[in-house]
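These notes concern the structure reproduced below.
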Amino acid sequence: MNLTTPVSALDTADAQDATLRRSRGHWANVAARLVRNPGAMIAAGILLLLIFAAVAAPWVMPGDPFATSMFARLKPIGTAGHLLGTDELGRDLFSRLLLGGRLSLFMGITPVLLAFVIGSALGILAGYAGGFTNTAIMRSIDILYAFPSVLLAIALSGALGAGIFNALTSLTIVFVPQIARIAESVTTQVRRSDYVDAARASGAGAFTIVRAHVLGNVLGPIFVYSTSLISVSMILASGLSFLGLGVKPPEPEWGLMLNTLRTAIYTQPWVAALPGAFIFVTSISFNLLSDGLRSAMEVKQ
């Protein structure tokens with residue numbers, strides 16, 4: 001008589017789930033875990049709404065964001081024809097906030113993307129090459145890394161002059177050292193791994209090893225770290241505009257709007273606080289999404 005041990009339904013389900021995770025691939029598993037994070041999903045929903053509103057601003061704005069009226073200055077929230085009131089020149093604040101989201105999001109995301117490309121390239125080169133190349137690149141980067149981000153951004157923007165392009169250049173320079181250090185650290189760890197040694201012993205060239213073995217293992221952590229810098233970039237970009245070193249009037253941008261409305265803080269405090277509230281909500285949303293992405297990637301299979 002043959003005795004067999006029945007497999008429980010729970011064990012079967014666990015086995016099927018493990019098989020499904022392996023078949024979906026790493027990034028599909030990361031996405032699945034991210035979707036199950038309620039905080040990250042709420043943040044993603046807010047960001048998608050803000051991005052959609054910024055892109056569709058010319059078609060959904062209730063009024064002309066540049067039309068001034070001295071008879072409609074600093075109207076309160078809920079005024080007829082002005083849902084969120086008006087600014088110090090009588091311009092519709094809702095329209096300016098929608099249109100201002102374009103520049104604020106652009107100046108928050110673009111420097112991080114540029115720094116991600118430049119910093120990753122420098123860090124991976126330094127981490128994989130090692131020796132004199134590593135020393136030359138990383139010690140040069142440490143010169144910039146030694147300065148606080150805020151002071152460095154202000155100093156560079158002050159030297160280059162006000163304007164969107166100069167502000168983007170300054171912020172990119174600020175974030176390159178931070179991303180390069182992460183890229184160099186992760187690449188150094190991967191370079192010492194067994195599979196890289198095996199690939200090198202088999203006769204694979206440096207370019208092949210970097211493309212096939214290094215990039216796939218280092219870009220994920222670098223990308224996650226870079227997403228956490230977007231909120232910092234938005235705050236710095238808004239700060240530069242607030243100080244007159246970023247976007248120039250009359251273009252709407254949340255930091256610049258916060259500056260021009262600061263004199264109305266005692267007469268219309270809710271209206272004056274709206275640009276700051278948009279900056280706060282957007283920055284927090286980027287932070288929550290970055291934290292959720294980091295948690296989803298740190299789960300070991």
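Order determines the names: the first chain of the structure tokens is A, the second B, and so forth; residues in each chain are numbered 1 upward, and ligands are numbered 1 upward as they are shown.
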Report as a PyMOL selection string all protein, DNA and RNA residues lying within 12 Å of Ala129 of chain A, evaluated on only C-alpha atoms, omitting residues in the same chain fewer than 3 positions from it. chain A and resi 121-126+132-138+184+187-188+191-192+206-207+209-210
Print the selection's residues with N, CA, C and O atoms to a file, as a PDB file, in the first residue's frame.
```
ATOM      1  N   ALA A 121      26.699  58.508 -15.160  1.00  0.00           N
ATOM      2  CA  ALA A 121      27.832  58.226 -16.041  1.00  0.00           C
ATOM      3  C   ALA A 121      29.162  58.418 -15.313  1.00  0.00           C
ATOM      4  O   ALA A 121      30.060  57.568 -15.400  1.00  0.00           O
ATOM      5  N   LEU A 122      29.287  59.526 -14.587  1.00  0.00           N
ATOM      6  CA  LEU A 122      30.537  59.786 -13.859  1.00  0.00           C
ATOM      7  C   LEU A 122      30.749  58.757 -12.745  1.00  0.00           C
ATOM      8  O   LEU A 122      31.862  58.247 -12.555  1.00  0.00           O
ATOM      9  N   GLY A 123      29.690  58.460 -11.999  1.00  0.00           N
ATOM     10  CA  GLY A 123      29.814  57.523 -10.887  1.00  0.00           C
ATOM     11  C   GLY A 123      30.118  56.111 -11.337  1.00  0.00           C
ATOM     12  O   GLY A 123      30.952  55.416 -10.731  1.00  0.00           O
ATOM     13  N   ILE A 124      29.460  55.654 -12.395  1.00  0.00           N
ATOM     14  CA  ILE A 124      29.710  54.307 -12.904  1.00  0.00           C
ATOM     15  C   ILE A 124      31.125  54.199 -13.468  1.00  0.00           C
ATOM     16  O   ILE A 124      31.822  53.196 -13.242  1.00  0.00           O
ATOM     17  N   LEU A 125      31.567  55.234 -14.179  1.00  0.00           N
ATOM     18  CA  LEU A 125      32.932  55.230 -14.699  1.00  0.00           C
ATOM     19  C   LEU A 125      33.944  55.176 -13.563  1.00  0.00           C
ATOM     20  O   LEU A 125      34.902  54.381 -13.598  1.00  0.00           O
ATOM     21  N   ALA A 126      33.736  56.010 -12.551  1.00  0.00           N
ATOM     22  CA  ALA A 126      34.667  56.033 -11.424  1.00  0.00           C
ATOM     23  C   ALA A 126      34.640  54.719 -10.644  1.00  0.00           C
ATOM     24  O   ALA A 126      35.683  54.196 -10.247  1.00  0.00           O
ATOM     25  N   PHE A 132      43.298  55.597 -10.307  1.00  0.00           N
ATOM     26  CA  PHE A 132      43.491  57.023 -10.526  1.00  0.00           C
ATOM     27  C   PHE A 132      42.228  57.675 -11.084  1.00  0.00           C
ATOM     28  O   PHE A 132      41.901  58.813 -10.728  1.00  0.00           O
ATOM     29  N   THR A 133      41.518  56.964 -11.979  1.00  0.00           N
ATOM     30  CA  THR A 133      40.283  57.526 -12.554  1.00  0.00           C
ATOM     31  C   THR A 133      39.258  57.802 -11.463  1.00  0.00           C
ATOM     32  O   THR A 133      38.615  58.866 -11.439  1.00  0.00           O
ATOM     33  N   ASN A 134      39.099  56.862 -10.551  1.00  0.00           N
ATOM     34  CA  ASN A 134      38.162  57.055  -9.439  1.00  0.00           C
ATOM     35  C   ASN A 134      38.578  58.248  -8.593  1.00  0.00           C
ATOM     36  O   ASN A 134      37.739  59.088  -8.227  1.00  0.00           O
ATOM     37  N   THR A 135      39.842  58.324  -8.268  1.00  0.00           N
ATOM     38  CA  THR A 135      40.327  59.420  -7.426  1.00  0.00           C
ATOM     39  C   THR A 135      40.122  60.764  -8.094  1.00  0.00           C
ATOM     40  O   THR A 135      39.670  61.731  -7.456  1.00  0.00           O
ATOM     41  N   ALA A 136      40.450  60.862  -9.376  1.00  0.00           N
ATOM     42  CA  ALA A 136      40.333  62.136 -10.084  1.00  0.00           C
ATOM     43  C   ALA A 136      38.880  62.597 -10.157  1.00  0.00           C
ATOM     44  O   ALA A 136      38.576  63.776  -9.903  1.00  0.00           O
ATOM     45  N   ILE A 137      37.971  61.686 -10.498  1.00  0.00           N
ATOM     46  CA  ILE A 137      36.562  62.063 -10.639  1.00  0.00           C
ATOM     47  C   ILE A 137      35.943  62.384  -9.284  1.00  0.00           C
ATOM     48  O   ILE A 137      35.310  63.437  -9.107  1.00  0.00           O
ATOM     49  N   MET A 138      36.116  61.500  -8.310  1.00  0.00           N
ATOM     50  CA  MET A 138      35.425  61.665  -7.031  1.00  0.00           C
ATOM     51  C   MET A 138      35.993  62.830  -6.221  1.00  0.00           C
ATOM     52  O   MET A 138      35.256  63.521  -5.520  1.00  0.00           O
ATOM     53  N   GLU A 184      28.802  55.728  -7.753  1.00  0.00           N
ATOM     54  CA  GLU A 184      30.148  55.182  -7.549  1.00  0.00           C
ATOM     55  C   GLU A 184      30.152  54.116  -6.464  1.00  0.00           C
ATOM     56  O   GLU A 184      30.798  53.066  -6.598  1.00  0.00           O
ATOM     57  N   THR A 187      28.349  50.932  -7.842  1.00  0.00           N
ATOM     58  CA  THR A 187      29.147  50.297  -8.893  1.00  0.00           C
ATOM     59  C   THR A 187      30.365  49.591  -8.320  1.00  0.00           C
ATOM     60  O   THR A 187      30.747  48.500  -8.781  1.00  0.00           O
ATOM     61  N   THR A 188      30.981  50.181  -7.311  1.00  0.00           N
ATOM     62  CA  THR A 188      32.137  49.543  -6.676  1.00  0.00           C
ATOM     63  C   THR A 188      31.761  48.199  -6.062  1.00  0.00           C
ATOM     64  O   THR A 188      32.508  47.215  -6.163  1.00  0.00           O
ATOM     65  N   ARG A 191      31.173  45.747  -8.960  1.00  0.00           N
ATOM     66  CA  ARG A 191      32.429  45.390  -9.637  1.00  0.00           C
ATOM     67  C   ARG A 191      33.167  44.263  -8.919  1.00  0.00           C
ATOM     68  O   ARG A 191      33.869  43.469  -9.551  1.00  0.00           O
ATOM     69  N   ARG A 192      32.973  44.168  -7.616  1.00  0.00           N
ATOM     70  CA  ARG A 192      33.664  43.146  -6.826  1.00  0.00           C
ATOM     71  C   ARG A 192      32.872  41.843  -6.704  1.00  0.00           C
ATOM     72  O   ARG A 192      33.314  40.928  -6.015  1.00  0.00           O
ATOM     73  N   ALA A 206      35.407  45.424 -21.078  1.00  0.00           N
ATOM     74  CA  ALA A 206      34.853  46.318 -20.063  1.00  0.00           C
ATOM     75  C   ALA A 206      33.479  46.848 -20.472  1.00  0.00           C
ATOM     76  O   ALA A 206      32.551  46.908 -19.657  1.00  0.00           O
ATOM     77  N   PHE A 207      33.331  47.236 -21.735  1.00  0.00           N
ATOM     78  CA  PHE A 207      32.051  47.774 -22.200  1.00  0.00           C
ATOM     79  C   PHE A 207      30.956  46.722 -22.097  1.00  0.00           C
ATOM     80  O   PHE A 207      29.828  47.016 -21.674  1.00  0.00           O
ATOM     81  N   ILE A 209      30.844  44.117 -20.069  1.00  0.00           N
ATOM     82  CA  ILE A 209      30.544  43.851 -18.662  1.00  0.00           C
ATOM     83  C   ILE A 209      29.662  44.949 -18.084  1.00  0.00           C
ATOM     84  O   ILE A 209      28.686  44.671 -17.381  1.00  0.00           O
ATOM     85  N   VAL A 210      30.006  46.193 -18.388  1.00  0.00           N
ATOM     86  CA  VAL A 210      29.198  47.313 -17.870  1.00  0.00           C
ATOM     87  C   VAL A 210      27.788  47.255 -18.421  1.00  0.00           C
ATOM     88  O   VAL A 210      26.800  47.432 -17.694  1.00  0.00           O
TER      89      VAL A 210
END
```
Can you pull out the residues contacting Glu298 of chain A? Cut-off 12 Å, using only C-alpha atoms, and skip same-chain residues under 4 positions away; I want them as a VMD selection string. chain A and resid 26 to 27 29 to 30 33 to 34 220 to 221 224 291 to 294
Quick one: distance from atom CA of Ala162 of chain A to atom CA of Phe106 of chain A in Å, one decimal?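 Separation between atom CA of Ala162 of chain A and atom CA of Phe106 of chain A: 16.5 Å.
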With only C-alpha atoms as the basis for distance, which of A:Pro148, A:Gly127, A:Pro275, A:Gly255 is at the shortest distance from Val214 of chain A?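 Nearest to Val214 of chain A: A:Gly127.
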Spatial neighbours of segment 215-219 of chain A, 7 Å, only C-alpha atoms, chain gap at least 3 places, as a list of chain:residue names: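 The residues that qualify are A:Ala183, A:Val186, A:Thr187, A:Val210, A:Arg211, A:Ala212, A:Ile222, A:Phe223.
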